[in-house]
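Shown next: entry-v2.cif, given as mmCIF, N, CA and C atoms, pLDDT in the B column; chains and numbers go by the auth columns.
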data_model
#
loop_
_atom_site.group_PDB
_atom_site.id
_atom_site.type_symbol
_atom_site.label_atom_id
_atom_site.label_comp_id
_atom_site.label_asym_id
_atom_site.label_seq_id
_atom_site.Cartn_x
_atom_site.Cartn_y
_atom_site.Cartn_z
_atom_site.B_iso_or_equiv
_atom_site.auth_seq_id
_atom_site.auth_asym_id
ATOM 1 N N MET A 1 0.819 -0.499 -18.009 72.00 1433 A
ATOM 2 C CA MET A 1 -0.543 -0.016 -17.991 72.00 1433 A
ATOM 3 C C MET A 1 -1.123 -0.222 -16.588 72.00 1433 A
ATOM 4 N N MET A 2 -1.795 0.791 -16.085 79.00 1434 A
ATOM 5 C CA MET A 2 -2.375 0.694 -14.751 79.00 1434 A
ATOM 6 C C MET A 2 -3.858 0.353 -14.859 79.00 1434 A
ATOM 7 N N THR A 3 -4.212 -0.766 -14.242 89.00 1435 A
ATOM 8 C CA THR A 3 -5.610 -1.181 -14.232 89.00 1435 A
ATOM 9 C C THR A 3 -6.350 -0.442 -13.117 89.00 1435 A
ATOM 10 N N ALA A 4 -7.656 -0.558 -13.121 93.00 1436 A
ATOM 11 C CA ALA A 4 -8.464 0.079 -12.076 93.00 1436 A
ATOM 12 C C ALA A 4 -8.094 -0.477 -10.705 93.00 1436 A
ATOM 13 N N ARG A 5 -7.817 -1.764 -10.647 93.00 1437 A
ATOM 14 C CA ARG A 5 -7.452 -2.376 -9.364 93.00 1437 A
ATOM 15 C C ARG A 5 -6.100 -1.857 -8.873 93.00 1437 A
ATOM 16 N N MET A 6 -5.154 -1.721 -9.804 93.00 1438 A
ATOM 17 C CA MET A 6 -3.845 -1.184 -9.434 93.00 1438 A
ATOM 18 C C MET A 6 -3.978 0.253 -8.932 93.00 1438 A
ATOM 19 N N TYR A 7 -4.813 1.026 -9.612 95.00 1439 A
ATOM 20 C CA TYR A 7 -5.034 2.410 -9.210 95.00 1439 A
ATOM 21 C C TYR A 7 -5.624 2.461 -7.801 95.00 1439 A
ATOM 22 N N ARG A 8 -6.610 1.625 -7.551 96.00 1440 A
ATOM 23 C CA ARG A 8 -7.262 1.589 -6.239 96.00 1440 A
ATOM 24 C C ARG A 8 -6.274 1.167 -5.145 96.00 1440 A
ATOM 25 N N LEU A 9 -5.454 0.174 -5.438 96.00 1441 A
ATOM 26 C CA LEU A 9 -4.453 -0.259 -4.449 96.00 1441 A
ATOM 27 C C LEU A 9 -3.428 0.844 -4.186 96.00 1441 A
ATOM 28 N N THR A 10 -3.091 1.602 -5.221 96.00 1442 A
ATOM 29 C CA THR A 10 -2.169 2.724 -5.042 96.00 1442 A
ATOM 30 C C THR A 10 -2.787 3.776 -4.133 96.00 1442 A
ATOM 31 N N GLU A 11 -4.067 4.048 -4.320 97.00 1443 A
ATOM 32 C CA GLU A 11 -4.766 4.990 -3.447 97.00 1443 A
ATOM 33 C C GLU A 11 -4.783 4.501 -2.005 97.00 1443 A
ATOM 34 N N ILE A 12 -5.083 3.226 -1.833 97.00 1444 A
ATOM 35 C CA ILE A 12 -5.118 2.628 -0.492 97.00 1444 A
ATOM 36 C C ILE A 12 -3.750 2.741 0.169 97.00 1444 A
ATOM 37 N N HIS A 13 -2.702 2.408 -0.580 97.00 1445 A
ATOM 38 C CA HIS A 13 -1.333 2.481 -0.075 97.00 1445 A
ATOM 39 C C HIS A 13 -1.016 3.901 0.386 97.00 1445 A
ATOM 40 N N GLN A 14 -1.412 4.899 -0.395 98.00 1446 A
ATOM 41 C CA GLN A 14 -1.146 6.293 -0.047 98.00 1446 A
ATOM 42 C C GLN A 14 -1.922 6.718 1.200 98.00 1446 A
ATOM 43 N N LYS A 15 -3.161 6.277 1.318 98.00 1447 A
ATOM 44 C CA LYS A 15 -3.967 6.640 2.490 98.00 1447 A
ATOM 45 C C LYS A 15 -3.405 6.003 3.760 98.00 1447 A
ATOM 46 N N ILE A 16 -2.970 4.764 3.647 98.00 1448 A
ATOM 47 C CA ILE A 16 -2.350 4.104 4.801 98.00 1448 A
ATOM 48 C C ILE A 16 -1.091 4.872 5.198 98.00 1448 A
ATOM 49 N N ASP A 17 -0.312 5.286 4.209 98.00 1449 A
ATOM 50 C CA ASP A 17 0.907 6.043 4.472 98.00 1449 A
ATOM 51 C C ASP A 17 0.590 7.362 5.176 98.00 1449 A
ATOM 52 N N GLU A 18 -0.479 8.032 4.762 98.00 1450 A
ATOM 53 C CA GLU A 18 -0.888 9.272 5.420 98.00 1450 A
ATOM 54 C C GLU A 18 -1.247 9.026 6.885 98.00 1450 A
ATOM 55 N N HIS A 19 -1.989 7.950 7.139 98.00 1451 A
ATOM 56 C CA HIS A 19 -2.363 7.610 8.523 98.00 1451 A
ATOM 57 C C HIS A 19 -1.121 7.266 9.347 98.00 1451 A
ATOM 58 N N LEU A 20 -0.205 6.550 8.727 98.00 1452 A
ATOM 59 C CA LEU A 20 1.032 6.164 9.403 98.00 1452 A
ATOM 60 C C LEU A 20 1.844 7.400 9.784 98.00 1452 A
ATOM 61 N N ARG A 21 1.990 8.322 8.852 98.00 1453 A
ATOM 62 C CA ARG A 21 2.744 9.549 9.134 98.00 1453 A
ATOM 63 C C ARG A 21 2.074 10.372 10.233 98.00 1453 A
ATOM 64 N N ALA A 22 0.745 10.439 10.194 98.00 1454 A
ATOM 65 C CA ALA A 22 0.016 11.185 11.223 98.00 1454 A
ATOM 66 C C ALA A 22 0.230 10.559 12.600 98.00 1454 A
ATOM 67 N N GLU A 23 0.193 9.241 12.641 98.00 1455 A
ATOM 68 C CA GLU A 23 0.403 8.545 13.925 98.00 1455 A
ATOM 69 C C GLU A 23 1.822 8.781 14.433 98.00 1455 A
ATOM 70 N N GLN A 24 2.781 8.766 13.536 97.00 1456 A
ATOM 71 C CA GLN A 24 4.169 8.975 13.940 97.00 1456 A
ATOM 72 C C GLN A 24 4.423 10.399 14.418 97.00 1456 A
ATOM 73 N N ARG A 25 3.615 11.352 13.959 98.00 1457 A
ATOM 74 C CA ARG A 25 3.778 12.754 14.371 98.00 1457 A
ATOM 75 C C ARG A 25 3.129 13.053 15.715 98.00 1457 A
ATOM 76 N N ARG A 26 2.298 12.146 16.189 97.00 1458 A
ATOM 77 C CA ARG A 26 1.628 12.378 17.476 97.00 1458 A
ATOM 78 C C ARG A 26 2.647 12.540 18.595 97.00 1458 A
ATOM 79 N N LYS A 27 2.224 13.237 19.613 97.00 1459 A
ATOM 80 C CA LYS A 27 3.104 13.457 20.761 97.00 1459 A
ATOM 81 C C LYS A 27 3.519 12.119 21.381 97.00 1459 A
ATOM 82 N N VAL A 28 2.558 11.215 21.514 97.00 1460 A
ATOM 83 C CA VAL A 28 2.837 9.875 22.034 97.00 1460 A
ATOM 84 C C VAL A 28 2.276 8.869 21.017 97.00 1460 A
ATOM 85 N N PRO A 29 3.092 8.487 20.032 97.00 1461 A
ATOM 86 C CA PRO A 29 2.612 7.552 19.008 97.00 1461 A
ATOM 87 C C PRO A 29 2.258 6.190 19.597 97.00 1461 A
ATOM 88 N N ASP A 30 1.240 5.588 19.035 98.00 1462 A
ATOM 89 C CA ASP A 30 0.799 4.256 19.452 98.00 1462 A
ATOM 90 C C ASP A 30 1.586 3.224 18.652 98.00 1462 A
ATOM 91 N N GLY A 31 2.480 2.542 19.314 98.00 1463 A
ATOM 92 C CA GLY A 31 3.335 1.562 18.654 98.00 1463 A
ATOM 93 C C GLY A 31 2.566 0.440 17.989 98.00 1463 A
ATOM 94 N N VAL A 32 1.482 0.002 18.611 98.00 1464 A
ATOM 95 C CA VAL A 32 0.665 -1.082 18.044 98.00 1464 A
ATOM 96 C C VAL A 32 -0.006 -0.590 16.758 98.00 1464 A
ATOM 97 N N ALA A 33 -0.539 0.611 16.783 98.00 1465 A
ATOM 98 C CA ALA A 33 -1.186 1.175 15.592 98.00 1465 A
ATOM 99 C C ALA A 33 -0.171 1.342 14.471 98.00 1465 A
ATOM 100 N N ILE A 34 1.015 1.804 14.798 98.00 1466 A
ATOM 101 C CA ILE A 34 2.063 1.973 13.791 98.00 1466 A
ATOM 102 C C ILE A 34 2.421 0.629 13.173 98.00 1466 A
ATOM 103 N N SER A 35 2.557 -0.387 13.997 98.00 1467 A
ATOM 104 C CA SER A 35 2.873 -1.726 13.508 98.00 1467 A
ATOM 105 C C SER A 35 1.786 -2.247 12.565 98.00 1467 A
ATOM 106 N N LYS A 36 0.525 -2.068 12.945 98.00 1468 A
ATOM 107 C CA LYS A 36 -0.584 -2.521 12.105 98.00 1468 A
ATOM 108 C C LYS A 36 -0.605 -1.773 10.779 98.00 1468 A
ATOM 109 N N LEU A 37 -0.398 -0.464 10.835 98.00 1469 A
ATOM 110 C CA LEU A 37 -0.395 0.340 9.614 98.00 1469 A
ATOM 111 C C LEU A 37 0.742 -0.063 8.682 98.00 1469 A
ATOM 112 N N LYS A 38 1.910 -0.337 9.253 98.00 1470 A
ATOM 113 C CA LYS A 38 3.045 -0.768 8.436 98.00 1470 A
ATOM 114 C C LYS A 38 2.753 -2.101 7.748 98.00 1470 A
ATOM 115 N N LYS A 39 2.120 -3.021 8.475 98.00 1471 A
ATOM 116 C CA LYS A 39 1.767 -4.314 7.884 98.00 1471 A
ATOM 117 C C LYS A 39 0.738 -4.150 6.779 98.00 1471 A
ATOM 118 N N MET A 40 -0.246 -3.270 6.997 98.00 1472 A
ATOM 119 C CA MET A 40 -1.262 -3.016 5.981 98.00 1472 A
ATOM 120 C C MET A 40 -0.631 -2.397 4.729 98.00 1472 A
ATOM 121 N N LYS A 41 0.285 -1.472 4.954 98.00 1473 A
ATOM 122 C CA LYS A 41 0.961 -0.805 3.834 98.00 1473 A
ATOM 123 C C LYS A 41 1.784 -1.816 3.029 98.00 1473 A
ATOM 124 N N LEU A 42 2.493 -2.688 3.727 98.00 1474 A
ATOM 125 C CA LEU A 42 3.287 -3.707 3.053 98.00 1474 A
ATOM 126 C C LEU A 42 2.404 -4.681 2.279 98.00 1474 A
ATOM 127 N N ARG A 43 1.263 -5.045 2.863 98.00 1475 A
ATOM 128 C CA ARG A 43 0.316 -5.937 2.183 98.00 1475 A
ATOM 129 C C ARG A 43 -0.173 -5.313 0.876 98.00 1475 A
ATOM 130 N N ALA A 44 -0.521 -4.028 0.925 97.00 1476 A
ATOM 131 C CA ALA A 44 -0.977 -3.324 -0.277 97.00 1476 A
ATOM 132 C C ALA A 44 0.142 -3.263 -1.320 97.00 1476 A
ATOM 133 N N LYS A 45 1.352 -3.011 -0.870 96.00 1477 A
ATOM 134 C CA LYS A 45 2.496 -2.940 -1.787 96.00 1477 A
ATOM 135 C C LYS A 45 2.755 -4.304 -2.431 96.00 1477 A
ATOM 136 N N ASP A 46 2.679 -5.369 -1.647 97.00 1478 A
ATOM 137 C CA ASP A 46 2.867 -6.717 -2.186 97.00 1478 A
ATOM 138 C C ASP A 46 1.801 -7.055 -3.226 97.00 1478 A
ATOM 139 N N MET A 47 0.561 -6.672 -2.955 96.00 1479 A
ATOM 140 C CA MET A 47 -0.517 -6.927 -3.917 96.00 1479 A
ATOM 141 C C MET A 47 -0.279 -6.148 -5.212 96.00 1479 A
ATOM 142 N N LEU A 48 0.168 -4.916 -5.090 95.00 1480 A
ATOM 143 C CA LEU A 48 0.492 -4.119 -6.278 95.00 1480 A
ATOM 144 C C LEU A 48 1.607 -4.774 -7.088 95.00 1480 A
ATOM 145 N N TYR A 49 2.622 -5.246 -6.403 95.00 1481 A
ATOM 146 C CA TYR A 49 3.746 -5.888 -7.072 95.00 1481 A
ATOM 147 C C TYR A 49 3.292 -7.143 -7.816 95.00 1481 A
ATOM 148 N N ARG A 50 2.453 -7.958 -7.164 94.00 1482 A
ATOM 149 C CA ARG A 50 1.955 -9.172 -7.823 94.00 1482 A
ATOM 150 C C ARG A 50 1.111 -8.833 -9.043 94.00 1482 A
ATOM 151 N N LEU A 51 0.277 -7.814 -8.918 92.00 1483 A
ATOM 152 C CA LEU A 51 -0.535 -7.386 -10.067 92.00 1483 A
ATOM 153 C C LEU A 51 0.358 -6.891 -11.198 92.00 1483 A
ATOM 154 N N HIS A 52 1.392 -6.155 -10.843 89.00 1484 A
ATOM 155 C CA HIS A 52 2.322 -5.645 -11.846 89.00 1484 A
ATOM 156 C C HIS A 52 3.005 -6.798 -12.584 89.00 1484 A
ATOM 157 N N LEU A 53 3.455 -7.791 -11.829 89.00 1485 A
ATOM 158 C CA LEU A 53 4.107 -8.947 -12.462 89.00 1485 A
ATOM 159 C C LEU A 53 3.148 -9.702 -13.379 89.00 1485 A
ATOM 160 N N SER A 54 1.934 -9.891 -12.922 87.00 1486 A
ATOM 161 C CA SER A 54 0.967 -10.638 -13.749 87.00 1486 A
ATOM 162 C C SER A 54 0.593 -9.852 -15.000 87.00 1486 A
ATOM 163 N N SER A 55 0.515 -8.531 -14.888 83.00 1487 A
ATOM 164 C CA SER A 55 0.180 -7.738 -16.081 83.00 1487 A
ATOM 165 C C SER A 55 1.345 -7.731 -17.072 83.00 1487 A
ATOM 166 N N ARG A 56 2.570 -7.769 -16.569 78.00 1488 A
ATOM 167 C CA ARG A 56 3.739 -7.820 -17.454 78.00 1488 A
ATOM 168 C C ARG A 56 3.799 -9.149 -18.186 78.00 1488 A
ATOM 169 N N SER A 57 3.485 -10.240 -17.478 75.00 1489 A
ATOM 170 C CA SER A 57 3.548 -11.552 -18.118 75.00 1489 A
ATOM 171 C C SER A 57 2.439 -11.697 -19.166 75.00 1489 A
ATOM 172 N N GLU A 58 1.283 -11.073 -18.928 72.00 1490 A
ATOM 173 C CA GLU A 58 0.193 -11.113 -19.895 72.00 1490 A
ATOM 174 C C GLU A 58 0.523 -10.277 -21.130 72.00 1490 A
ATOM 175 N N MET A 59 1.246 -9.194 -20.950 70.00 1491 A
ATOM 176 C CA MET A 59 1.600 -8.319 -22.064 70.00 1491 A
ATOM 177 C C MET A 59 2.640 -8.969 -22.974 70.00 1491 A
ATOM 178 N N SER A 60 3.488 -9.818 -22.414 67.00 1492 A
ATOM 179 C CA SER A 60 4.553 -10.440 -23.215 67.00 1492 A
ATOM 180 C C SER A 60 4.047 -11.629 -24.026 67.00 1492 A
ATOM 181 N N ARG A 61 2.824 -12.018 -23.819 63.00 1493 A
ATOM 182 C CA ARG A 61 2.275 -13.153 -24.571 63.00 1493 A
ATOM 183 C C ARG A 61 1.858 -12.758 -25.945 63.00 1493 A
#
Show how you would write the structure in this file as C-alpha cells.
Amino acid sequence: MMTARMYRLTEIHQKIDEHLRAEQRRKVPDGVAISKLKKMKLRAKDMLYRLHLSSRSEMSR
C-alpha cells in the first residue's frame, strides 16, 4: 500500500531524476550539480525504502 508520504517521495525522486537527465544533456554538464542531484535522488530512494520496510513490518503484525 502506498501512503501519501511514499507517493510524495516518489514524485520528488522523479523530479530529481528529470533535473539530473536535463543536466546530463547539457552541452557542458555541471559535474557538481550532477553529484548533488545524484545524492538527493539516492536520499529520496533510501527514504522510500525505509518507509516500505516499516509499512511491511506493520502489515505483518
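Of note, atom C of A:Ala1476 and atom N of A:Gln1446 are spaced 8.4 Å apart.
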(message) Please report the interatomic distance between atom C of A:Met1472 and atom CA of A:Glu1490 in Å with one decimal.
(response) 26.1 Å
(message) DSSP on the backbone: which residues in chain A end up as alpha helix (DSSP H)? Give the answer as a PyMOL selection string.
(response) chain A and resi 1436-1457+1463-1491
(message) Please report the interatomic distance between atom CA of A:Ser1467 and atom CA of A:His1484 in Å with one decimal.
(response)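 For atom CA of A:Ser1467 relative to atom CA of A:His1484, the distance reads 25.7 Å.
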Enclose all atoms of stretch 1437-1452 of chain A listed in the file in an axis-aligned box, grow every side by 3 Å, and hand back centre and edge lengths in Å to one decimal, as JSON.
{"center_x": -3.0, "center_y": 3.4, "center_z": -0.4, "size_x": 15.7, "size_y": 17.6, "size_z": 26.4}
(message) Could you tell me, as a list in words, exactly which residues end up selected when the PyMOL selection byres (((chain A and resi 1448 and name CA) around 12) and name CA) is applied to this structure?
(response) Leu1441, Thr1442, Glu1443, Ile1444, His1445, Gln1446, Lys1447, Asp1449, Glu1450, His1451, Leu1452, Arg1453, Ala1454, Glu1455, Ala1465, Ile1466, Ser1467, Lys1468, Leu1469, Lys1470, Lys1471, Met1472, Lys1473, Leu1474, Arg1475, Ala1476 and Lys1477 of chain A
(request) Write out as a ChimeraX atom specification the residues lying within 9 Å of A:Met1433, counting only C-alpha atoms and excluding same-chain residues fewer than 2 positions away. (result) /A:1435,1484,1487-1488
(message) For a quick check of understanding, using only C-alpha atoms, which of A:Met1491, A:Leu1485, A:Met1479, A:Val1460 has the smallest distance to A:Arg1437?
(response) A:Met1479
